[in-house]
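The structure file work07.csv is reproduced below (CSV, C-alpha atoms).
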chain,number,residue,atom,x,y,z
A,14,MET,CA,-18.2,15.2,39.2
A,15,SER,CA,-21.8,15.0,38.2
A,16,ALA,CA,-22.6,18.3,40.0
A,17,LEU,CA,-19.7,19.9,38.1
A,18,LEU,CA,-21.1,18.6,34.8
A,19,GLU,CA,-24.5,20.0,35.7
A,20,ARG,CA,-23.1,23.4,36.4
A,21,ARG,CA,-21.2,23.4,33.1
A,22,ARG,CA,-24.2,22.3,31.2
A,23,ALA,CA,-26.6,24.9,32.7
A,24,PRO,CA,-25.3,28.0,30.8
A,25,GLU,CA,-25.7,26.2,27.5
A,26,GLU,CA,-29.2,25.0,28.3
A,27,ASP,CA,-30.1,28.6,29.5
A,28,GLU,CA,-28.8,30.0,26.2
A,29,ARG,CA,-30.8,27.5,24.2
A,30,ALA,CA,-34.0,28.3,26.1
A,31,ASP,CA,-33.4,32.1,25.6
A,32,TRP,CA,-32.8,31.4,21.9
A,33,ARG,CA,-36.1,29.5,21.6
A,34,ARG,CA,-38.0,32.3,23.4
A,35,ARG,CA,-36.6,34.9,21.0
A,36,VAL,CA,-37.3,32.8,17.9
A,37,ALA,CA,-40.8,32.1,19.0
A,38,HIS,CA,-41.4,35.8,19.7
A,39,ALA,CA,-40.0,36.8,16.4
A,40,PHE,CA,-42.0,34.4,14.3
A,41,SER,CA,-45.2,35.2,16.3
A,42,ARG,CA,-44.8,38.8,15.5
A,43,ALA,CA,-44.3,38.0,11.8
A,44,ALA,CA,-47.3,35.6,11.5
A,45,GLY,CA,-49.7,38.0,9.9
A,46,ASP,CA,-47.3,39.0,7.1
A,47,TYR,CA,-45.6,35.6,6.6
A,48,ARG,CA,-47.6,34.3,3.7
A,49,ARG,CA,-47.4,37.6,1.8
A,50,LEU,CA,-43.6,38.0,2.2
A,51,ALA,CA,-42.4,34.4,2.1
A,52,THR,CA,-42.4,33.9,-1.6
A,53,ALA,CA,-38.9,32.4,-1.7
A,54,GLN,CA,-39.7,30.1,1.2
A,55,GLN,CA,-42.9,28.9,-0.6
A,56,ARG,CA,-41.0,28.1,-3.8
A,57,MET,CA,-38.4,26.2,-1.9
A,58,GLY,CA,-41.1,24.2,-0.3
A,59,ASP,CA,-42.5,23.2,-3.7
A,60,THR,CA,-39.3,21.2,-4.2
A,61,LEU,CA,-40.4,18.8,-1.4
A,62,TRP,CA,-43.8,18.1,-2.9
A,63,THR,CA,-42.5,15.9,-5.7
A,64,ARG,CA,-40.9,13.6,-3.1
A,65,LEU,CA,-44.0,12.9,-1.1
A,66,PRO,CA,-44.8,9.2,-0.6
A,67,THR,CA,-48.0,7.9,-2.2
A,68,ARG,CA,-49.6,7.1,1.1
A,69,ALA,CA,-49.3,8.4,4.6
A,70,ASP,CA,-51.8,7.9,7.4
A,71,ALA,CA,-50.1,10.1,10.1
A,72,VAL,CA,-48.3,13.2,9.0
A,73,LEU,CA,-46.4,16.0,10.9
A,74,ASP,CA,-45.6,19.4,9.4
A,75,LEU,CA,-42.6,20.4,11.5
A,76,GLY,CA,-42.3,24.2,11.8
A,77,CYS,CA,-45.7,24.6,10.2
A,78,GLY,CA,-45.8,28.4,10.5
A,79,PRO,CA,-49.2,29.8,9.4
A,80,GLY,CA,-50.2,26.3,8.1
A,81,HIS,CA,-49.9,26.6,4.4
A,82,TRP,CA,-48.2,23.2,3.9
A,83,SER,CA,-50.2,21.5,6.7
A,84,ALA,CA,-53.4,22.4,4.9
A,85,ARG,CA,-52.1,21.2,1.6
A,86,LEU,CA,-50.9,17.9,3.1
A,87,ALA,CA,-54.2,17.4,4.7
A,88,GLU,CA,-56.0,17.8,1.4
A,89,HIS,CA,-53.4,15.7,-0.4
A,90,TYR,CA,-53.7,12.7,1.9
A,91,GLY,CA,-57.4,13.0,2.6
A,92,ARG,CA,-59.8,12.9,5.5
A,93,ASP,CA,-58.6,9.5,6.8
A,94,ALA,CA,-55.1,10.8,7.4
A,95,ARG,CA,-54.1,12.3,10.8
A,96,MET,CA,-52.5,15.6,10.1
A,97,LEU,CA,-50.4,17.5,12.7
A,98,GLY,CA,-49.0,21.0,12.4
A,99,LEU,CA,-46.3,21.9,15.0
A,100,ASP,CA,-44.6,25.2,15.6
A,101,LEU,CA,-42.6,26.9,18.4
A,102,ALA,CA,-44.4,30.2,17.8
A,103,PRO,CA,-47.9,30.6,19.3
A,104,GLY,CA,-48.6,33.5,17.0
A,105,MET,CA,-48.0,31.3,13.9
A,106,LEU,CA,-50.4,28.7,15.3
A,107,LYS,CA,-53.0,31.3,16.0
A,108,GLU,CA,-52.8,32.4,12.3
A,109,ALA,CA,-52.8,28.8,11.2
A,110,ARG,CA,-56.0,28.1,13.2
A,111,ARG,CA,-57.6,31.3,11.8
A,112,ALA,CA,-56.8,30.4,8.2
A,113,HIS,CA,-57.3,26.7,8.2
A,114,GLY,CA,-59.5,25.7,11.1
A,115,ASP,CA,-59.5,22.3,12.7
A,116,LYS,CA,-58.7,20.2,9.7
A,117,VAL,CA,-55.2,20.0,11.3
A,118,ARG,CA,-54.3,19.3,14.9
A,119,TRP,CA,-52.1,22.3,15.9
A,120,LEU,CA,-49.3,21.8,18.4
A,121,CYS,CA,-47.0,24.4,20.1
A,122,ALA,CA,-43.8,22.6,20.9
A,123,ASP,CA,-40.0,22.4,20.4
A,124,ALA,CA,-38.8,20.2,17.6
A,125,ALA,CA,-36.2,18.6,19.9
A,126,ALA,CA,-38.9,17.6,22.4
A,127,LEU,CA,-41.9,16.4,20.4
A,128,PRO,CA,-45.0,15.7,22.5
A,129,LEU,CA,-45.7,12.6,20.4
A,130,PRO,CA,-45.4,8.8,21.0
A,131,ASP,CA,-42.7,6.6,19.6
A,132,ALA,CA,-43.1,5.2,16.1
A,133,GLY,CA,-46.5,6.9,15.4
A,134,LEU,CA,-45.9,8.8,12.2
A,135,ASP,CA,-45.5,7.8,8.5
A,136,LEU,CA,-44.2,11.2,7.3
A,137,VAL,CA,-42.5,14.3,8.6
A,138,PHE,CA,-42.6,17.3,6.3
A,139,SER,CA,-40.5,20.3,7.2
A,140,ASN,CA,-39.8,23.3,5.1
A,141,LEU,CA,-37.0,25.7,6.4
A,142,ALA,CA,-37.5,25.1,10.1
A,143,ILE,CA,-34.7,22.9,11.5
A,144,GLN,CA,-32.0,25.6,10.8
A,145,TRP,CA,-33.6,27.4,13.8
A,146,CYS,CA,-33.1,24.4,16.1
A,147,PRO,CA,-30.1,24.8,18.5
A,148,SER,CA,-29.1,21.1,18.1
A,149,LEU,CA,-29.4,19.4,14.7
A,150,GLU,CA,-28.5,16.1,16.4
A,151,ASP,CA,-31.3,16.3,19.0
A,152,THR,CA,-33.8,17.3,16.4
A,153,LEU,CA,-33.1,14.5,14.0
A,154,THR,CA,-33.0,12.0,16.8
A,155,GLU,CA,-36.5,13.1,17.8
A,156,LEU,CA,-37.7,12.7,14.2
A,157,ALA,CA,-36.3,9.2,14.1
A,158,ARG,CA,-38.1,8.4,17.4
A,159,VAL,CA,-41.5,9.4,16.2
A,160,LEU,CA,-41.4,7.8,12.8
A,161,ARG,CA,-42.5,4.2,12.2
A,162,PRO,CA,-40.1,1.8,10.6
A,163,GLY,CA,-40.1,2.7,6.9
A,164,GLY,CA,-41.4,6.2,7.7
A,165,ARG,CA,-39.9,9.1,5.9
A,166,ALA,CA,-38.7,12.6,6.8
A,167,LEU,CA,-38.6,15.2,4.0
A,168,ILE,CA,-36.8,18.3,5.1
A,169,ASN,CA,-35.6,21.6,3.5
A,170,THR,CA,-33.0,23.5,5.5
A,171,LEU,CA,-30.3,26.0,4.7
A,172,GLY,CA,-26.5,25.6,4.3
A,173,PRO,CA,-23.5,27.9,4.6
A,174,GLY,CA,-23.4,30.7,2.0
A,175,THR,CA,-27.1,31.5,2.4
A,176,LEU,CA,-27.7,35.2,2.1
A,177,ALA,CA,-24.2,35.9,1.0
A,178,GLU,CA,-25.2,39.0,-0.9
A,179,VAL,CA,-26.9,40.4,2.2
A,180,GLY,CA,-23.8,39.7,4.2
A,181,HIS,CA,-21.7,41.5,1.6
A,182,ALA,CA,-23.9,44.5,1.6
A,183,TRP,CA,-23.8,44.9,5.4
A,184,SER,CA,-20.1,44.0,5.5
A,185,ARG,CA,-20.7,41.1,7.9
A,186,PRO,CA,-22.2,37.6,7.7
A,187,HIS,CA,-25.9,37.7,7.8
A,188,ALA,CA,-26.7,34.1,8.6
A,189,LEU,CA,-28.7,34.0,11.8
A,190,LEU,CA,-27.3,30.7,12.9
A,191,PRO,CA,-24.0,28.8,12.2
A,192,LEU,CA,-25.5,26.9,9.3
A,193,GLN,CA,-24.4,23.4,8.9
A,194,GLY,CA,-23.2,21.8,5.6
A,195,ARG,CA,-24.2,18.7,3.7
A,196,GLU,CA,-21.7,16.4,5.5
A,197,ARG,CA,-22.8,17.4,8.9
A,198,HIS,CA,-26.4,16.7,8.1
A,199,LEU,CA,-25.5,13.3,6.6
A,200,ALA,CA,-23.6,12.4,9.8
A,201,ALA,CA,-26.3,13.6,12.1
A,202,ALA,CA,-29.0,11.7,10.3
A,203,ARG,CA,-27.0,8.4,10.4
A,204,LEU,CA,-26.3,8.8,14.0
A,205,ALA,CA,-30.0,9.5,14.7
A,206,GLY,CA,-30.7,6.0,13.3
A,207,PHE,CA,-32.1,6.6,9.8
A,208,ARG,CA,-31.6,3.6,7.5
A,209,GLU,CA,-31.5,5.6,4.3
A,210,VAL,CA,-30.1,9.1,4.1
A,211,THR,CA,-30.0,11.4,1.1
A,212,VAL,CA,-28.9,15.1,1.3
A,213,ASP,CA,-29.1,17.1,-2.0
A,214,ALA,CA,-27.6,20.6,-2.2
A,215,ARG,CA,-28.5,23.3,-4.6
A,216,ALA,CA,-28.4,27.1,-4.8
A,217,MET,CA,-31.7,28.9,-5.3
A,218,ARG,CA,-31.5,32.6,-6.3
A,219,TYR,CA,-34.3,35.2,-6.1
A,220,HIS,CA,-34.4,38.8,-7.2
A,221,TYR,CA,-35.8,41.9,-5.6
A,222,PRO,CA,-36.3,45.5,-6.8
A,223,ASP,CA,-34.4,47.2,-4.0
A,224,LEU,CA,-32.7,46.8,-0.6
A,225,ALA,CA,-36.0,47.5,1.3
A,226,ALA,CA,-37.6,44.6,-0.5
A,227,VAL,CA,-34.7,42.3,0.2
A,228,MET,CA,-34.8,43.1,3.9
A,229,ALA,CA,-38.6,42.8,4.0
A,230,SER,CA,-38.3,39.3,2.6
A,231,ILE,CA,-36.0,38.3,5.5
A,232,LYS,CA,-37.4,40.4,8.4
A,233,GLY,CA,-41.0,40.0,7.4
A,234,VAL,CA,-40.9,36.2,8.0
A,235,GLY,CA,-39.5,36.5,11.5
A,236,ALA,CA,-35.8,36.2,10.7
A,237,GLN,CA,-34.8,39.6,12.1
A,238,THR,CA,-34.6,39.0,15.8
A,239,ALA,CA,-32.6,35.9,16.4
A,240,ARG,CA,-29.7,37.9,17.7
A,241,PRO,CA,-30.2,41.3,19.3
A,242,GLY,CA,-28.2,44.2,17.8
A,243,ALA,CA,-27.9,47.9,17.8
A,244,ARG,CA,-30.1,50.1,15.6
A,245,LEU,CA,-28.5,50.8,12.2
A,246,SER,CA,-27.5,54.4,11.4
A,247,ARG,CA,-28.6,56.1,8.2
A,248,ALA,CA,-25.0,56.0,7.0
A,249,GLU,CA,-24.8,52.3,7.5
A,250,VAL,CA,-28.0,51.8,5.6
A,251,ALA,CA,-26.8,54.0,2.7
A,252,ARG,CA,-23.5,52.1,2.6
A,253,ALA,CA,-25.3,48.8,2.5
A,254,ARG,CA,-27.5,50.1,-0.3
A,255,ARG,CA,-24.5,51.1,-2.4
A,256,ARG,CA,-22.7,47.8,-1.9
A,257,PHE,CA,-25.8,45.8,-2.8
A,258,GLU,CA,-26.5,47.9,-5.9
A,259,ALA,CA,-23.0,46.9,-7.1
A,260,LEU,CA,-24.4,43.3,-7.3
A,261,ARG,CA,-27.5,44.2,-9.3
A,262,GLU,CA,-28.4,41.9,-12.1
A,263,PRO,CA,-30.9,42.6,-14.9
A,264,GLU,CA,-33.6,40.8,-12.9
A,265,GLY,CA,-32.9,42.8,-9.8
A,266,LEU,CA,-30.9,42.5,-6.6
A,267,PRO,CA,-29.9,38.9,-6.1
A,268,VAL,CA,-30.4,36.9,-2.9
A,269,THR,CA,-29.1,33.3,-2.8
A,270,TYR,CA,-30.2,30.5,-0.5
A,271,GLN,CA,-28.1,27.4,-0.3
A,272,LEU,CA,-30.8,24.8,0.0
A,273,LEU,CA,-30.2,21.4,1.5
A,274,THR,CA,-33.0,18.8,0.9
A,275,LEU,CA,-32.9,15.8,3.2
A,276,GLU,CA,-34.8,12.6,2.5
A,277,LEU,CA,-34.5,10.3,5.5
A,278,ILE,CA,-36.0,6.8,5.8
A,279,ARG,CA,-36.4,5.1,9.2
This structure in structure tokens:
Amino acid sequence: MSALLERRRAPEEDERADWRRRVAHAFSRAAGDYRRLATAQQRMGDTLWTRLPTRADAVLDLGCGPGHWSARLAEHYGRDARMLGLDLAPGMLKEARRAHGDKVRWLCADAAALPLPDAGLDLVFSNLAIQWCPSLEDTLTELARVLRPGGRALINTLGPGTLAEVGHAWSRPHALLPLQGRERHLAAARLAGFREVTVDARAMRYHYPDLAAVMASIKGVGAQTARPGARLSRAEVARARRRFEALREPEGLPVTYQLLTLELIR
């Protein structure tokens, strides 16, 4: 029976490993342009800043990308704090080191297999990273493991309905993962062992001048290659442009993110 279970499990594990390789490759390629194009992502990250604890001696920026939030957290908590920035994409970490030097310890690793000891962190900060993790439950269990009793995880992630306008324009859902809703995050956090769990949901809408700018805002931050697909024809692009233009508002073409903010206390 155990051998049969192993054979059944292997395809899923292989699929997850392939997913991680593709995500790492996509975000590595996008590293140089990430800061310039990720304006929506940066604004969503600002919503976590007001929730920071007054003191934290050991901090992890999970899914740190090119290191913007890692560097800010290092400055915020001062030289005595131990600051770690972790990402799956080597290219992102190369950019982070180039931009911010060694004020942060940079780690290349999977969020569901953190190379960190038990109960060693006061704070995990993560802005728009865990939606890329194949298993929400495994990821939150790891965060609970590495946090000290009383430690806190502040997480932004995305829920169903994100990029709905983009999906409408292309006549198909554009979410790159089967995004999980508020109740699923609540349940997963409680099962992981967090003592206090809060999940707030809000829609955040941004506007762009045209379809090219919309797609650059998504593709330019590494989100274009999670699933391989055929090259789009000119007719498909023209049709998508017409469909998106029908949604135009005075401020421009709308793009909505369904933001979930998790505050988890160990």
Can you pull out the residues contacting A:Pro222? Cut-off 9 Å, using only C-alpha atoms, and skip same-chain residues under 6 positions away; I want them as a list in words.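 Listing them by chain and then by number gives Glu264, Gly265 and Leu266 of chain A.
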Write out the residues from the selection above, keeping C-alpha atoms, as a PDB file, keeping the file's coordinate frame.
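Dumped everything to part_23.pdb:
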ATOM      1  CA  GLU A 264     -33.600  40.800 -12.900  1.00  0.00           C
ATOM      2  CA  GLY A 265     -32.900  42.800  -9.800  1.00  0.00           C
ATOM      3  CA  LEU A 266     -30.900  42.500  -6.600  1.00  0.00           C
TER       4      LEU A 266
END
Between atom CA of A:Pro147 and atom CA of A:Phe207, distance in Å (one decimal): 20.3 Å
Could you state the separation of atom CA of A:Glu276 and atom CA of A:Glu155 in Å, given to one decimal place?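 Atom CA of A:Glu155 lies 15.4 Å from atom CA of A:Glu276.
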Can you pull out every residue within 9 Å of A:Ser83, counting only C-alpha atoms, but drop anything in the same chain fewer than 3 positions away, and send it as JSON, numbers by chain? {"A": [72, 73, 74, 77, 79, 80, 86, 87, 88, 96, 97, 98, 109, 113, 117, 138]}
What separation in Å, quoted to one decimal, exists between atom CA of A:Arg279 and atom CA of A:Arg158?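 Atom CA of A:Arg158 lies 9.0 Å from atom CA of A:Arg279.
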May I have the residues within 9 Å of A:Ala71 as a list of chain:residue names, using all atoms listed in the file and disregarding those fewer than 4 positions away in the same chain?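 Here the qualifying residues turn out to be A:Ala94, A:Arg95, A:Met96, A:Leu97, A:Gly133, A:Leu134, A:Asp135, A:Leu136, A:Val137.
Considering the residues A:Asp123, A:Glu196, A:Glu178, A:Asp131 and counting all atoms listed in the file, A:Ala157 has its shortest atom-to-atom contact with A:Asp131.
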Residues within 9 Å of A:Ala214, please, as a VMD selection string. Count only C-alpha atoms; anything in the same chain fewer than 3 positions from it doesn't count. chain A and resid 172 195 271 to 275
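For the residues A:Val250, A:Leu101, A:Leu141, A:Leu277, ranking by smallest atom-to-atom distance to A:Ala53 using all atoms listed in the file places A:Leu141 first.
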With distances taken over all atoms listed in the file, which residue among A:Ala216, A:Ala200, A:Cys121, A:Ala132 lies nearest A:Leu149? A:Ala200
Give me, as a ChimeraX atom specification, all polymer residues having an atom no more than 12 Å from A:Pro191, counting all atoms listed in the file and skipping those fewer than 4 positions away in the same chain. /A:144-149,171-175,186-187,197,239
Could you take the residues named above and write them with C-alpha atoms, as a compact mmCIF listing (two decimals), keeping the file's coordinate frame?
# COMPACT_ATOMS: atom_id res chain seq x y z
CA GLN A 144 -32.00 25.60 10.80
CA TRP A 145 -33.60 27.40 13.80
CA CYS A 146 -33.10 24.40 16.10
CA PRO A 147 -30.10 24.80 18.50
CA SER A 148 -29.10 21.10 18.10
CA LEU A 149 -29.40 19.40 14.70
CA LEU A 171 -30.30 26.00 4.70
CA GLY A 172 -26.50 25.60 4.30
CA PRO A 173 -23.50 27.90 4.60
CA GLY A 174 -23.40 30.70 2.00
CA THR A 175 -27.10 31.50 2.40
CA PRO A 186 -22.20 37.60 7.70
CA HIS A 187 -25.90 37.70 7.80
CA ARG A 197 -22.80 17.40 8.90
CA ALA A 239 -32.60 35.90 16.40
Ranking A:Pro66, A:Pro103, A:Gly180, A:Gly194 by minimum distance to A:Val268 and counting only C-alpha atoms, which one comes first?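 Of A:Pro66, A:Pro103, A:Gly180, A:Gly194, the one nearest A:Val268 is A:Gly180, counting only C-alpha atoms.
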Residue with smallest distance to A:Pro130 - pool A:Leu176, A:Arg29, A:Val159, A:Leu260, counting all atoms listed in the file: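 Checking each candidate against A:Pro130, we get A:Val159 as the closest.
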Can you complete the atoms of stretch 106-117 of chain A to all heavy atoms and list them as a short mmCIF file (atom, residue, chain, number, x, y, z; two decimals), in the frame of the given file?
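In the end it all went to out20.cif:
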data_model
loop_
_atom_site.label_atom_id
_atom_site.label_comp_id
_atom_site.auth_asym_id
_atom_site.auth_seq_id
_atom_site.Cartn_x
_atom_site.Cartn_y
_atom_site.Cartn_z
N LEU A 106 -49.28 29.68 15.14
CA LEU A 106 -50.40 28.70 15.30
C LEU A 106 -51.73 29.41 15.36
O LEU A 106 -52.73 28.88 14.85
CB LEU A 106 -50.13 27.85 16.51
CG LEU A 106 -48.90 26.95 16.41
CD1 LEU A 106 -48.62 26.28 17.75
CD2 LEU A 106 -49.05 25.90 15.32
N LYS A 107 -51.77 30.58 15.95
CA LYS A 107 -53.00 31.30 16.00
C LYS A 107 -53.45 31.70 14.55
O LYS A 107 -54.63 31.58 14.18
CB LYS A 107 -52.83 32.62 16.80
CG LYS A 107 -54.08 33.48 16.90
CD LYS A 107 -53.84 34.70 17.77
CE LYS A 107 -55.09 35.57 17.86
NZ LYS A 107 -54.83 36.79 18.69
N GLU A 108 -52.49 32.12 13.74
CA GLU A 108 -52.80 32.40 12.30
C GLU A 108 -53.18 31.18 11.57
O GLU A 108 -54.08 31.21 10.73
CB GLU A 108 -51.56 33.08 11.69
CG GLU A 108 -51.73 33.48 10.24
CD GLU A 108 -52.74 34.59 10.04
OE1 GLU A 108 -53.08 35.29 11.01
OE2 GLU A 108 -53.20 34.76 8.90
N ALA A 109 -52.51 30.04 11.86
CA ALA A 109 -52.80 28.80 11.20
C ALA A 109 -54.28 28.36 11.51
O ALA A 109 -55.03 27.95 10.61
CB ALA A 109 -51.87 27.69 11.61
N ARG A 110 -54.67 28.47 12.77
CA ARG A 110 -56.00 28.10 13.20
C ARG A 110 -57.05 29.04 12.48
O ARG A 110 -58.11 28.61 12.03
CB ARG A 110 -56.21 28.20 14.67
CG ARG A 110 -55.48 27.12 15.45
CD ARG A 110 -55.87 27.15 16.92
NE ARG A 110 -55.06 26.22 17.69
CZ ARG A 110 -53.98 26.57 18.36
NH1 ARG A 110 -53.57 27.85 18.34
NH2 ARG A 110 -53.28 25.67 19.03
N ARG A 111 -56.72 30.33 12.43
CA ARG A 111 -57.60 31.30 11.80
C ARG A 111 -57.83 30.98 10.33
O ARG A 111 -58.95 31.02 9.82
CB ARG A 111 -57.07 32.71 11.96
CG ARG A 111 -58.00 33.80 11.44
CD ARG A 111 -57.26 35.10 11.20
NE ARG A 111 -56.28 34.98 10.14
CZ ARG A 111 -56.57 34.96 8.84
NH1 ARG A 111 -57.84 35.03 8.44
NH2 ARG A 111 -55.62 34.85 7.93
N ALA A 112 -56.73 30.63 9.65
CA ALA A 112 -56.80 30.40 8.20
C ALA A 112 -57.33 29.05 7.82
O ALA A 112 -58.00 28.91 6.79
CB ALA A 112 -55.39 30.61 7.60
N HIS A 113 -57.05 28.03 8.64
CA HIS A 113 -57.30 26.70 8.20
C HIS A 113 -58.23 25.85 9.14
O HIS A 113 -58.54 24.70 8.83
CB HIS A 113 -56.00 25.91 7.99
CG HIS A 113 -55.06 26.61 7.06
ND1 HIS A 113 -55.33 26.76 5.72
CD2 HIS A 113 -53.87 27.22 7.28
CE1 HIS A 113 -54.33 27.42 5.14
NE2 HIS A 113 -53.44 27.72 6.07
N GLY A 114 -58.59 26.42 10.26
CA GLY A 114 -59.50 25.70 11.10
C GLY A 114 -58.98 24.48 11.75
O GLY A 114 -57.77 24.35 12.00
N ASP A 115 -59.86 23.53 11.96
CA ASP A 115 -59.50 22.30 12.70
C ASP A 115 -59.27 21.10 11.82
O ASP A 115 -59.31 19.97 12.31
CB ASP A 115 -60.56 22.01 13.77
CG ASP A 115 -61.93 21.78 13.16
OD1 ASP A 115 -62.06 21.83 11.92
OD2 ASP A 115 -62.89 21.52 13.93
N LYS A 116 -59.02 21.31 10.54
CA LYS A 116 -58.70 20.20 9.70
C LYS A 116 -57.32 19.58 10.04
O LYS A 116 -57.00 18.47 9.64
CB LYS A 116 -58.70 20.58 8.21
CG LYS A 116 -57.61 21.55 7.80
CD LYS A 116 -57.61 21.85 6.31
CE LYS A 116 -58.81 22.68 5.92
NZ LYS A 116 -58.75 23.11 4.50
N VAL A 117 -56.54 20.38 10.79
CA VAL A 117 -55.20 20.00 11.30
C VAL A 117 -55.20 20.11 12.78
O VAL A 117 -55.81 21.03 13.33
CB VAL A 117 -54.11 20.87 10.65
CG1 VAL A 117 -52.74 20.54 11.23
CG2 VAL A 117 -54.10 20.75 9.13
#
